[in-house]
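Participant: Got a structure for you, work_1.txt, holding compact mmCIF, C-alpha atoms and all ligand atoms.
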```
# COMPACT_ATOMS: atom_id res chain seq x y z
CA MET U 65 19.39 -30.66 8.19
CA SER U 66 21.68 -33.68 8.14
CA ALA U 67 22.40 -35.64 11.32
CA VAL U 68 26.13 -35.11 11.04
CA ARG U 69 26.78 -31.39 11.31
CA GLU U 70 29.72 -29.63 9.74
CA THR U 71 32.38 -28.70 12.22
CA ASP U 72 35.07 -26.22 11.51
CA THR U 73 38.54 -27.65 11.68
CA ASP U 74 39.78 -24.63 9.84
CA ALA U 75 39.46 -21.23 11.51
CA THR U 76 38.09 -19.52 8.38
CA GLN U 77 34.72 -20.56 7.03
CA PRO U 78 33.81 -20.13 3.38
CA THR U 79 31.53 -17.14 2.73
CA ARG U 80 27.99 -18.50 2.73
CA ASP U 81 25.59 -17.39 0.03
CA GLU U 82 21.88 -16.54 0.18
CA ALA U 83 20.85 -20.12 -0.62
CA TRP U 84 22.84 -21.44 2.32
CA PHE U 85 21.14 -19.08 4.75
CA ALA U 86 17.72 -19.58 3.15
CA ALA U 87 18.01 -23.30 3.84
CA ARG U 88 18.28 -22.36 7.52
CA ALA U 89 15.40 -19.86 7.51
CA SER U 90 11.88 -20.70 8.72
CA ARG U 91 9.65 -22.45 6.19
CA GLY U 92 7.68 -19.30 5.35
CA VAL U 93 10.78 -17.22 4.73
CA GLN U 94 12.23 -19.90 2.42
CA GLY U 95 9.41 -19.27 -0.06
CA LEU U 96 9.63 -15.47 0.16
CA LYS U 97 10.93 -12.96 -2.33
CA ALA U 98 11.94 -9.54 -0.96
CA TYR U 99 9.52 -6.65 -1.64
CA ASP U 100 10.18 -5.19 -5.09
CA PRO U 101 10.46 -1.41 -4.68
CA GLY U 102 10.53 -0.79 -8.42
CA HIS U 103 13.33 1.45 -9.68
CA ASP U 104 16.34 2.75 -7.76
CA LEU U 105 15.05 6.30 -7.41
CA VAL U 106 18.04 7.61 -5.54
CA ALA U 107 20.25 6.61 -8.47
CA PHE U 108 17.83 8.28 -10.93
CA ARG U 109 17.79 11.50 -8.91
CA ARG U 110 21.55 11.56 -9.03
CA GLN U 111 21.57 10.85 -12.76
CA PHE U 112 18.85 13.27 -13.91
CA GLY U 113 18.72 15.83 -11.10
CA GLU U 114 15.53 15.94 -9.06
CA ALA U 115 14.01 18.79 -11.07
CA ASN U 116 14.32 16.89 -14.34
CA LEU U 117 12.84 13.65 -13.07
CA VAL U 118 9.10 12.95 -13.30
CA GLU U 119 8.55 10.54 -10.42
CA LEU U 120 5.17 8.90 -10.84
CA GLY U 121 5.95 5.37 -9.71
CA SER U 122 5.16 5.28 -6.00
CA ASN U 123 1.74 6.91 -5.48
CA GLU U 124 3.14 9.73 -3.43
CA ASN U 125 1.31 12.99 -2.88
CA PRO U 126 3.03 15.55 -5.18
CA TYR U 127 1.78 18.50 -3.09
CA GLY U 128 3.49 17.36 0.11
CA PRO U 129 2.09 17.52 3.63
CA SER U 130 0.38 20.29 5.53
CA PRO U 131 2.80 23.10 6.49
CA ASP U 132 1.66 22.38 10.06
CA ALA U 133 3.42 19.00 9.85
CA ARG U 134 6.72 20.68 8.99
CA ALA U 135 6.31 23.16 11.84
CA ALA U 136 5.58 20.33 14.29
CA ILE U 137 8.78 18.56 13.23
CA LEU U 138 10.86 21.70 13.81
CA ASP U 139 9.26 22.01 17.25
CA GLN U 140 10.37 18.48 18.09
CA LEU U 141 14.02 18.90 17.16
CA HIS U 142 14.98 19.87 20.72
CA SER U 143 14.06 16.39 21.97
CA LEU U 144 15.85 14.09 19.54
CA HIS U 145 17.79 12.58 22.44
CA ARG U 146 14.52 11.42 24.07
CA TYR U 147 12.65 8.25 23.21
CA PRO U 148 9.27 8.96 21.65
CA ASP U 149 6.07 8.28 23.58
CA PRO U 150 5.84 4.48 23.28
CA LEU U 151 2.05 4.73 23.46
CA GLY U 152 1.72 7.46 20.84
CA ALA U 153 -1.07 8.72 23.08
CA ASP U 154 -1.55 12.21 21.61
CA LEU U 155 -1.75 10.96 18.04
CA LYS U 156 -4.09 8.14 19.06
CA ARG U 157 -6.36 10.62 20.83
CA ALA U 158 -6.48 12.81 17.75
CA LEU U 159 -7.24 9.80 15.53
CA ALA U 160 -9.90 8.50 17.91
CA ALA U 161 -11.62 11.88 17.92
CA LYS U 162 -11.47 12.12 14.14
CA HIS U 163 -12.95 8.68 13.56
CA GLY U 164 -15.37 8.55 16.49
CA VAL U 165 -13.74 5.50 18.13
CA GLU U 166 -11.95 4.87 21.42
CA THR U 167 -8.15 5.27 21.70
CA LYS U 168 -7.85 1.61 22.72
CA GLN U 169 -9.21 0.70 19.29
CA ILE U 170 -6.14 2.22 17.60
CA LEU U 171 -2.74 0.72 16.95
CA LEU U 172 0.05 2.78 15.37
CA GLY U 173 2.47 1.27 12.88
CA ASN U 174 5.71 2.19 11.13
CA GLY U 175 3.66 2.57 7.98
CA SER U 176 0.58 0.43 7.44
CA HIS U 177 2.94 -2.08 5.78
CA GLU U 178 4.15 -3.01 9.27
CA LEU U 179 0.59 -3.45 10.52
CA LEU U 180 -0.38 -5.65 7.57
CA MET U 181 2.65 -7.86 8.25
CA GLN U 182 1.88 -8.03 11.96
CA LEU U 183 -1.73 -9.05 11.36
CA ALA U 184 -0.57 -12.22 9.62
CA GLN U 185 2.11 -12.83 12.25
CA VAL U 186 -0.58 -12.72 14.92
CA PHE U 187 -3.53 -14.39 13.20
CA ALA U 188 -2.04 -16.87 10.72
CA ALA U 189 0.46 -19.71 11.00
CA ALA U 190 1.49 -22.92 9.25
CA GLY U 191 -1.64 -24.88 8.38
CA ASP U 192 -3.85 -21.76 8.21
CA ASP U 193 -5.24 -20.24 5.02
CA VAL U 194 -5.14 -16.54 4.24
CA VAL U 195 -7.52 -15.42 1.49
CA PHE U 196 -7.08 -12.42 -0.80
CA SER U 197 -7.72 -11.32 -4.35
CA ARG U 198 -5.40 -11.70 -7.31
CA TYR U 199 -3.94 -8.23 -8.01
CA GLY U 200 -4.51 -7.40 -4.35
CA PHE U 201 -1.85 -5.28 -2.62
CA ALA U 202 1.57 -7.04 -2.77
CA VAL U 203 2.08 -6.98 1.00
CA PHE U 204 -0.80 -9.46 1.51
CA ALA U 205 1.25 -12.22 -0.12
CA LEU U 206 4.44 -11.23 1.71
CA ALA U 207 2.70 -11.19 5.08
CA THR U 208 1.04 -14.56 4.53
CA GLN U 209 4.24 -16.26 3.44
CA ALA U 210 6.33 -14.72 6.20
CA ALA U 211 3.83 -16.12 8.70
CA GLY U 212 4.20 -19.58 7.13
CA ALA U 213 0.50 -19.71 6.23
CA THR U 214 -1.01 -20.79 2.91
CA MET U 215 -2.11 -18.21 0.33
CA ARG U 216 -5.56 -18.67 -1.19
CA ILE U 217 -5.46 -16.26 -4.10
CA VAL U 218 -8.92 -15.69 -5.54
CA PRO U 219 -9.31 -14.79 -9.25
CA ALA U 220 -10.12 -11.10 -9.76
CA LEU U 221 -13.03 -9.83 -11.84
CA PRO U 222 -12.18 -10.27 -15.55
CA ASP U 223 -10.39 -7.46 -17.40
CA ASP U 224 -13.45 -6.97 -19.61
CA HIS U 225 -15.77 -6.57 -16.62
CA PRO U 226 -18.23 -3.75 -17.45
CA THR U 227 -17.73 -1.68 -14.29
CA MET U 228 -14.79 -2.96 -12.22
CA PRO U 229 -12.18 -4.74 -14.41
CA LEU U 230 -9.53 -6.58 -12.33
CA GLY U 231 -11.39 -5.63 -9.13
CA HIS U 232 -12.03 -7.78 -6.07
CA ASP U 233 -14.69 -10.48 -6.67
CA LEU U 234 -16.25 -10.42 -3.20
CA ASP U 235 -18.55 -13.39 -3.87
CA ALA U 236 -15.59 -15.53 -4.94
CA ILE U 237 -13.53 -14.34 -1.97
CA ALA U 238 -16.33 -15.32 0.44
CA ALA U 239 -16.65 -18.69 -1.30
CA ALA U 240 -12.90 -19.35 -0.93
CA ILE U 241 -13.09 -19.21 2.87
CA THR U 242 -12.78 -22.65 4.49
CA GLU U 243 -12.41 -24.00 8.05
CA ARG U 244 -8.70 -23.41 7.70
CA THR U 245 -9.11 -19.72 6.90
CA THR U 246 -8.12 -17.38 9.72
CA LEU U 247 -7.56 -14.13 7.84
CA VAL U 248 -8.89 -12.30 4.77
CA TYR U 249 -7.20 -9.25 3.25
CA LEU U 250 -9.19 -6.74 1.19
CA ALA U 251 -8.01 -3.40 -0.14
CA ASN U 252 -10.57 -0.70 -0.84
CA PRO U 253 -9.72 1.05 -3.05
CA ASN U 254 -7.09 -1.45 -4.17
CA ASN U 255 -3.51 -0.93 -5.31
CA PRO U 256 -2.40 -1.58 -8.11
CA THR U 257 -5.80 -1.75 -9.82
CA GLY U 258 -7.42 1.41 -8.41
CA THR U 259 -10.70 -0.50 -8.18
CA TRP U 260 -13.18 -0.40 -5.29
CA PHE U 261 -16.44 -1.81 -3.98
CA GLY U 262 -19.45 -0.21 -2.31
CA ARG U 263 -21.02 -0.38 1.10
CA ALA U 264 -23.88 -2.75 0.20
CA ALA U 265 -21.53 -5.25 -1.45
CA PHE U 266 -19.22 -5.14 1.55
CA GLU U 267 -22.06 -5.72 4.02
CA ALA U 268 -23.34 -8.66 1.97
CA PHE U 269 -19.78 -10.06 1.96
CA LEU U 270 -19.36 -9.68 5.73
CA ALA U 271 -22.65 -11.49 6.34
CA LYS U 272 -21.12 -14.56 4.64
CA VAL U 273 -17.84 -14.53 6.61
CA PRO U 274 -17.65 -16.73 9.73
CA ALA U 275 -17.33 -14.62 12.89
CA ASP U 276 -13.93 -16.10 13.79
CA VAL U 277 -12.27 -15.10 10.52
CA ILE U 278 -10.44 -11.76 10.80
CA VAL U 279 -11.26 -9.47 7.87
CA VAL U 280 -8.64 -6.80 7.20
CA MET U 281 -9.68 -3.82 5.11
CA ASP U 282 -6.65 -1.93 3.79
CA GLU U 283 -7.95 1.62 3.29
CA ALA U 284 -4.71 3.34 2.25
CA TYR U 285 -6.57 5.43 -0.36
CA ALA U 286 -9.84 6.01 1.51
CA GLU U 287 -9.27 9.77 1.84
CA LEU U 288 -8.81 10.08 -1.93
CA ALA U 289 -12.08 8.46 -3.02
CA ASP U 290 -14.92 10.68 -4.27
CA ALA U 291 -17.94 10.67 -1.99
CA GLU U 292 -20.21 9.79 -4.94
CA ALA U 293 -18.15 6.70 -5.78
CA ASP U 294 -19.37 4.80 -2.68
CA ALA U 295 -16.03 3.16 -1.86
CA ALA U 296 -16.88 1.32 1.35
CA THR U 297 -14.95 1.91 4.56
CA ALA U 298 -15.08 -0.60 7.39
CA LEU U 299 -15.43 2.19 9.97
CA PRO U 300 -19.21 2.19 10.50
CA LEU U 301 -19.25 -1.62 10.72
CA LEU U 302 -16.59 -2.00 13.43
CA ALA U 303 -19.12 -1.70 16.25
CA SER U 304 -21.17 -4.61 14.94
CA HIS U 305 -18.25 -6.78 13.71
CA SER U 306 -15.47 -7.63 16.17
CA ASN U 307 -13.64 -9.57 13.45
CA LEU U 308 -13.08 -6.45 11.35
CA ALA U 309 -9.83 -4.46 11.28
CA LEU U 310 -9.05 -1.51 9.03
CA THR U 311 -5.73 0.06 8.22
CA ARG U 312 -5.01 3.61 7.05
CA THR U 313 -1.85 5.51 6.32
CA PHE U 314 -0.30 8.99 6.37
CA SER U 315 1.72 8.05 3.27
CA LYS U 316 -0.81 8.90 0.57
CA ALA U 317 -3.43 11.65 0.97
CA TYR U 318 -1.54 13.25 3.89
CA GLY U 319 1.70 13.39 1.89
CA LEU U 320 3.92 11.97 4.65
CA ALA U 321 5.30 8.79 3.06
CA GLY U 322 8.79 9.65 4.27
CA LEU U 323 7.78 9.51 7.93
CA ARG U 324 6.35 5.95 7.87
CA VAL U 325 3.13 6.12 9.89
CA GLY U 326 0.03 4.00 9.51
CA TYR U 327 -2.70 3.00 11.91
CA LEU U 328 -5.12 0.20 12.51
CA ILE U 329 -8.63 0.51 13.94
CA ALA U 330 -10.36 -2.56 15.35
CA ALA U 331 -11.97 -4.02 18.47
CA PRO U 332 -10.00 -3.18 21.66
CA GLY U 333 -9.28 -6.88 22.20
CA LEU U 334 -7.77 -7.30 18.75
CA VAL U 335 -5.59 -4.24 19.30
CA ALA U 336 -4.49 -5.55 22.71
CA VAL U 337 -3.27 -8.80 21.17
CA MET U 338 -1.46 -6.97 18.38
CA GLU U 339 0.20 -4.76 21.02
CA ARG U 340 1.98 -7.84 22.40
CA LEU U 341 4.06 -7.99 19.26
CA ARG U 342 4.59 -4.30 18.56
CA GLU U 343 8.10 -2.93 18.90
CA SER U 344 8.07 -0.50 21.80
CA PHE U 345 9.13 2.62 19.87
CA ASN U 346 7.93 1.72 16.40
CA VAL U 347 6.80 5.25 15.51
CA ASN U 348 9.41 7.98 15.97
CA GLY U 349 8.87 11.26 17.78
CA LEU U 350 9.02 13.53 14.73
CA ALA U 351 6.47 11.37 12.98
CA LEU U 352 4.06 11.34 15.95
CA ALA U 353 4.11 15.13 16.16
CA ALA U 354 3.85 15.70 12.41
CA CYS U 355 0.92 13.33 11.95
CA GLU U 356 -1.01 14.89 14.80
CA ALA U 357 -0.51 18.31 13.22
CA ALA U 358 -1.43 17.02 9.77
CA LEU U 359 -4.71 15.63 11.11
CA GLY U 360 -5.63 19.07 12.33
CA ASP U 361 -5.23 20.66 8.89
CA VAL U 362 -8.43 19.44 7.28
CA ALA U 363 -8.29 22.19 4.67
CA HIS U 364 -4.95 20.97 3.30
CA LEU U 365 -6.21 17.40 3.02
CA GLU U 366 -9.38 18.54 1.29
CA TRP U 367 -7.36 20.70 -1.11
CA ALA U 368 -5.02 17.82 -2.02
CA ARG U 369 -8.01 15.49 -2.45
CA ALA U 370 -9.74 17.88 -4.83
CA ARG U 371 -6.59 18.52 -6.89
CA ASN U 372 -5.97 14.78 -7.17
CA ALA U 373 -9.55 14.07 -8.24
CA GLU U 374 -9.39 16.77 -10.93
CA GLN U 375 -5.99 15.64 -12.23
CA ARG U 376 -6.94 11.95 -12.10
CA LYS U 377 -9.89 12.64 -14.37
CA ALA U 378 -7.82 14.76 -16.75
CA LEU U 379 -5.05 12.16 -16.91
CA ALA U 380 -7.46 9.28 -17.54
CA GLU U 381 -9.08 11.25 -20.36
CA ALA U 382 -5.69 12.07 -21.85
CA PHE U 383 -4.73 8.38 -21.93
CA GLU U 384 -8.08 7.44 -23.45
CA ARG U 385 -7.68 10.07 -26.17
CA ARG U 386 -4.44 8.28 -27.06
CA GLY U 387 -6.34 5.00 -27.41
CA LEU U 388 -4.95 3.56 -24.17
CA ARG U 389 -7.26 1.71 -21.82
CA VAL U 390 -7.47 3.10 -18.28
CA MET U 391 -8.93 1.09 -15.40
CA PRO U 392 -11.40 2.95 -13.18
CA SER U 393 -9.69 4.45 -10.13
CA GLN U 394 -10.63 6.11 -6.84
CA THR U 395 -6.99 6.54 -5.80
CA ASN U 396 -4.05 8.79 -6.71
CA PHE U 397 -2.95 6.56 -9.60
CA VAL U 398 -4.35 4.96 -12.72
CA LEU U 399 -3.56 1.55 -14.15
CA VAL U 400 -3.06 1.90 -17.90
CA ARG U 401 -2.84 -0.78 -20.55
CA PHE U 402 0.09 -0.11 -22.90
CA GLY U 403 -0.10 -3.48 -24.66
CA ALA U 404 2.50 -5.83 -26.07
CA GLN U 405 5.24 -3.15 -26.23
CA THR U 406 4.94 -2.18 -22.56
CA THR U 407 8.43 -3.27 -21.51
CA ARG U 408 10.03 -1.29 -24.31
CA ILE U 409 7.85 1.74 -23.70
CA GLU U 410 8.69 1.67 -20.02
CA ALA U 411 12.42 1.41 -20.72
CA GLU U 412 12.24 4.39 -23.11
CA LEU U 413 10.30 6.48 -20.57
CA THR U 414 12.85 5.69 -17.88
CA LYS U 415 15.69 6.76 -20.18
CA ARG U 416 13.96 10.13 -20.46
CA GLY U 417 13.54 10.52 -16.72
CA VAL U 418 9.87 9.53 -16.47
CA VAL U 419 9.46 6.88 -13.79
CA LEU U 420 6.28 4.78 -13.72
CA ARG U 421 5.67 1.43 -12.03
CA PRO U 422 6.02 -1.74 -14.13
CA MET U 423 3.41 -4.36 -13.31
CA GLY U 424 5.13 -7.59 -14.37
CA GLY U 425 5.55 -8.61 -10.75
CA TYR U 426 1.77 -8.47 -10.36
CA GLY U 427 1.21 -10.60 -13.45
CA LEU U 428 0.08 -7.56 -15.47
CA PRO U 429 3.03 -7.14 -17.88
CA GLU U 430 1.01 -5.12 -20.41
CA TYR U 431 0.13 -2.43 -17.86
CA LEU U 432 1.92 0.42 -16.14
CA ARG U 433 0.75 2.07 -12.94
CA VAL U 434 0.85 5.84 -13.21
CA THR U 435 0.67 8.10 -10.16
CA VAL U 436 -1.44 11.20 -10.68
CA GLY U 437 0.98 14.13 -10.56
CA THR U 438 0.64 17.90 -10.62
CA VAL U 439 -0.55 19.68 -13.78
CA ASP U 440 3.07 20.22 -14.76
CA GLU U 441 4.19 16.65 -14.07
CA ASN U 442 1.25 15.23 -15.99
CA ARG U 443 2.02 17.51 -18.93
CA ARG U 444 5.65 16.36 -19.00
CA LEU U 445 4.54 12.75 -18.64
CA LEU U 446 2.15 12.94 -21.58
CA ALA U 447 4.65 14.76 -23.82
CA THR U 448 7.23 12.06 -23.13
CA ILE U 449 4.69 9.29 -23.72
CA ASP U 450 3.76 10.85 -27.07
CA ALA U 451 7.42 10.95 -28.09
CA VAL U 452 8.00 7.35 -27.02
CA LEU U 453 4.82 5.97 -28.59
CA GLY U 454 5.75 7.71 -31.83
CA GLU U 455 9.16 6.11 -31.76
CA VAL U 456 8.07 2.64 -30.69
CA GLY U 457 5.15 2.75 -33.13
CA ALA U 458 2.73 1.32 -30.59
C1 LIG W 1 0.78 2.67 -0.21
C2 LIG W 1 -0.07 1.59 0.35
C3 LIG W 1 -0.04 1.29 1.71
C4 LIG W 1 0.70 2.20 2.63
O1 LIG W 1 1.85 1.75 3.04
P1 LIG W 1 2.63 2.54 4.19
O2 LIG W 1 3.44 1.45 4.75
O3 LIG W 1 1.61 3.06 5.15
O4 LIG W 1 3.39 3.62 3.52
C5 LIG W 1 -0.85 0.29 2.20
N1 LIG W 1 -1.69 -0.36 1.38
C6 LIG W 1 -1.79 -0.07 0.08
C7 LIG W 1 -2.79 -0.76 -0.75
C8 LIG W 1 -0.96 0.89 -0.47
O5 LIG W 1 -1.01 1.16 -1.76
```
Turn the structure described in the file into structure tokens.
Facilitator:
Amino acid sequence: MSAVRETDTDATQPTRDEAWFAARASRGVQGLKAYDPGHDLVAFRRQFGEANLVELGSNENPYGPSPDARAAILDQLHSLHRYPDPLGADLKRALAAKHGVETKQILLGNGSHELLMQLAQVFAAAGDDVVFSRYGFAVFALATQAAGATMRIVPALPDDHPTMPLGHDLDAIAAAITERTTLVYLANPNNPTGTWFGRAAFEAFLAKVPADVIVVMDEAYAELADAEADAATALPLLASHSNLALTRTFSKAYGLAGLRVGYLIAAPGLVAVMERLRESFNVNGLALAACEAALGDVAHLEWARARNAEQRKALAEAFERRGLRVMPSQTNFVLVRFGAQTTRIEAELTKRGVVLRPMGGYGLPEYLRVTVGTVDENRRLLATIDAVLGEVGA
């Protein structure tokens, strides 16, 4: 800022634009771009009508939450004038029991997005390095930049890798850690690639990480992975590694994306420091009640998991039959290579009310991310893709 400051002689100031305010923002925020939510879905719903739209762009659970979650919300409607429990004690108790940890190891967030942001706010600052994989979840970059720290983006496994194309290269991530590194973000399974790594690889990685580097494992899709796939969770390693934190969410397998609830599990001391920054009522009362109820309905979760696994396999095979390459996935989406015509194909699909997620922002312009829908949604998706591919001649 210049030494001589502008003073207003005139009562009305000119309207300042984004650049003017950005110049006054903190260093980290100056380099930031706002989160790209993809398409304007509300506008599409208005245009097509909800029933005609095939929404497969946001990795939502097409089956919705447990009916118990809806009932719990109705039960709560009498107390909308009350603040929610600022401790979220009942939900934390239920989560602690489910995961075999203590309640003081759990922190609730307004979605796990909030927790991932807060981790960088707490554990990284200007001069610190934060390490994560290329094609890692987009929030890792946002969180690092907002905190004013430096991103160390590690090349992913190559796209012709025999088992895990575009996946996290754990050896390279470990090698990228320096004395300046305070935080590492991993996602297992990862979004947008769908890729994952196993328990042995994760343990070998952790053995190489200095004890004062916080390792965050984003496990947003953990409930959707097949048991046989060996997608590692950080849970069993928390007791032996104080520098480990894992995040989960009610947005995906539990079908409650609209309520915005995620949680973090870590050492009690790490949680206590994160608590210093948490907004006092960050999770609302309806959400607390609904999530607690959803946790109790194991059968619904298991049913949604099984349907997703079956439809994921069918969808991947359908793409492959059409000569399209599908990355391996243990999530509720598949990353599909549509090639040089991807932008045109995506535009044509959107015109017909089929919404997928473009990947240009991730540096994967020849791919689209496709959420696994219901049988009916997947059928409509594939019919529309066939029509568009025929037209585009791809
Ligand atoms: C969807 C997703 C989340 C969850 O975000 P919420 O804020 O909990 O809805 C977190 N991490 C990854 C990798 C995701 O894909």
Participant: List the neighbours of Val390 of chain U out to 7 Å using all atoms listed in the file; skip same-chain residues closer than 2 positions along the sequence, and give me the result as a VMD selection string.
Facilitator: chain U and resid 380 383 to 384 388 392 398 to 401
Participant: Could you please extract the residues within 6 Å of ligand LIG 1 (chain W), counting only C-alpha atoms and all ligand atoms, and hand them back as a PyMOL selection string?
Facilitator: chain U and resi 175-177+201+251+254-255+282+284+313+315+321+324-326
Participant: Restricting the output to C-alpha atoms, write the selected residues as a PDB file, in the coordinates of the input.
Facilitator:
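Result file selection_23.pdb:
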```pdb
ATOM      1  CA  GLY U 175       3.660   2.570   7.980  1.00  0.00           C
ATOM      2  CA  SER U 176       0.580   0.430   7.440  1.00  0.00           C
ATOM      3  CA  HIS U 177       2.940  -2.080   5.780  1.00  0.00           C
ATOM      4  CA  PHE U 201      -1.850  -5.280  -2.620  1.00  0.00           C
ATOM      5  CA  ALA U 251      -8.010  -3.400  -0.140  1.00  0.00           C
ATOM      6  CA  ASN U 254      -7.090  -1.450  -4.170  1.00  0.00           C
ATOM      7  CA  ASN U 255      -3.510  -0.930  -5.310  1.00  0.00           C
ATOM      8  CA  ASP U 282      -6.650  -1.930   3.790  1.00  0.00           C
ATOM      9  CA  ALA U 284      -4.710   3.340   2.250  1.00  0.00           C
ATOM     10  CA  THR U 313      -1.850   5.510   6.320  1.00  0.00           C
ATOM     11  CA  SER U 315       1.720   8.050   3.270  1.00  0.00           C
ATOM     12  CA  ALA U 321       5.300   8.790   3.060  1.00  0.00           C
ATOM     13  CA  ARG U 324       6.350   5.950   7.870  1.00  0.00           C
ATOM     14  CA  VAL U 325       3.130   6.120   9.890  1.00  0.00           C
ATOM     15  CA  GLY U 326       0.030   4.000   9.510  1.00  0.00           C
TER      16      GLY U 326
END
```
Participant: From the options U:Leu183, U:Leu250, U:Ala75, U:Leu420, which residue's atoms come nearest to Glu339 of chain U, counting only C-alpha atoms?
Facilitator: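 Closest candidate: U:Leu183.
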Participant: Which is closer to Glu166 of chain U than all the others in U:Pro332, U:Gly403, U:Pro148, U:Pro429, using only C-alpha atoms?
Facilitator: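 Looking at the shortest contact to Glu166 of chain U, the residue is U:Pro332.
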Participant: Which of these residues is nearest to Gln182 of chain U, using all atoms listed in the file: U:Gly387, U:Arg433, U:Tyr318, U:Phe204?
Facilitator: U:Phe204
Participant: Quick one: distance from atom CA of Val335 of chain U to atom CA of Asn307 of chain U in Å, one decimal?
Facilitator: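 Taking atom CA of Val335 of chain U as the start and atom CA of Asn307 of chain U as the end point, the length is 11.3 Å.
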Participant: Find the spatial neighbours of Asn252 of chain U, counting all atoms listed in the file, within a cut-off of 7 Å - ignore same-chain residues fewer than 4 positions away - and output them as a list in words.
Facilitator: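 Neighbouring residues, sequence-local ones excluded: Trp260, Phe261, Met281, Asp282, Glu283, Ala295 and Ala296 of chain U.
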Participant: Which residues are near Asp233 of chain U? Cut-off 6 Å, only C-alpha atoms, ignore same chain within fewer than 3 positions. Put them as a VMD selection string.
Facilitator: chain U and resid 220 to 221 236
Participant: Take the residues from that selection and write them out as a short mmCIF file (atom, residue, chain, number, x, y, z; two decimals), keeping the file's coordinate frame, keeping C-alpha atoms.
Facilitator:
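File written: again.cif
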```cif
data_model
loop_
_atom_site.label_atom_id
_atom_site.label_comp_id
_atom_site.auth_asym_id
_atom_site.auth_seq_id
_atom_site.Cartn_x
_atom_site.Cartn_y
_atom_site.Cartn_z
CA ALA U 220 -10.12 -11.10 -9.76
CA LEU U 221 -13.03 -9.83 -11.84
CA ALA U 236 -15.59 -15.53 -4.94
#
```
Participant: Go through U:Thr395, U:Leu379, U:Cys355, U:Val347 one by one, measure the shortest atom-to-atom distance of each to Asp290 of chain U using all atoms listed in the file, and give the residue with the smallest value.
Facilitator: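 Residue with the minimum atom-to-atom distance to Asp290 of chain U: U:Thr395.
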Participant: Set the distance at 7 Å and use only C-alpha atoms: which residues neighbour Asn116 of chain U once local chain neighbours fewer than 3 positions away are removed? I'd like the list as a list in words.
Facilitator: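 Contacts, in chain order: Phe112, Gly113 and Gly417 of chain U.
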Participant: Taking C-alpha atoms for each residue, export the selection above as a PDB file, in the coordinates of the input.
Facilitator:
```
ATOM      1  CA  PHE U 112      18.850  13.270 -13.910  1.00  0.00           C
ATOM      2  CA  GLY U 113      18.720  15.830 -11.100  1.00  0.00           C
ATOM      3  CA  GLY U 417      13.540  10.520 -16.720  1.00  0.00           C
TER       4      GLY U 417
END
```
Participant: Out of U:Pro129, U:Gly152, U:Gly173, U:Gly200, which residue has the shortest atom-to-atom distance to Gly349 of chain U when counting only C-alpha atoms?
Facilitator: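 Answer, going by the shortest atom-to-atom distance: U:Gly152.
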Participant: Quick check, in Å to one decimal: how far apart do atom CA of Leu328 of chain U and atom CA of Thr311 of chain U lie?
Facilitator: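 These atoms are spaced 4.3 Å apart.
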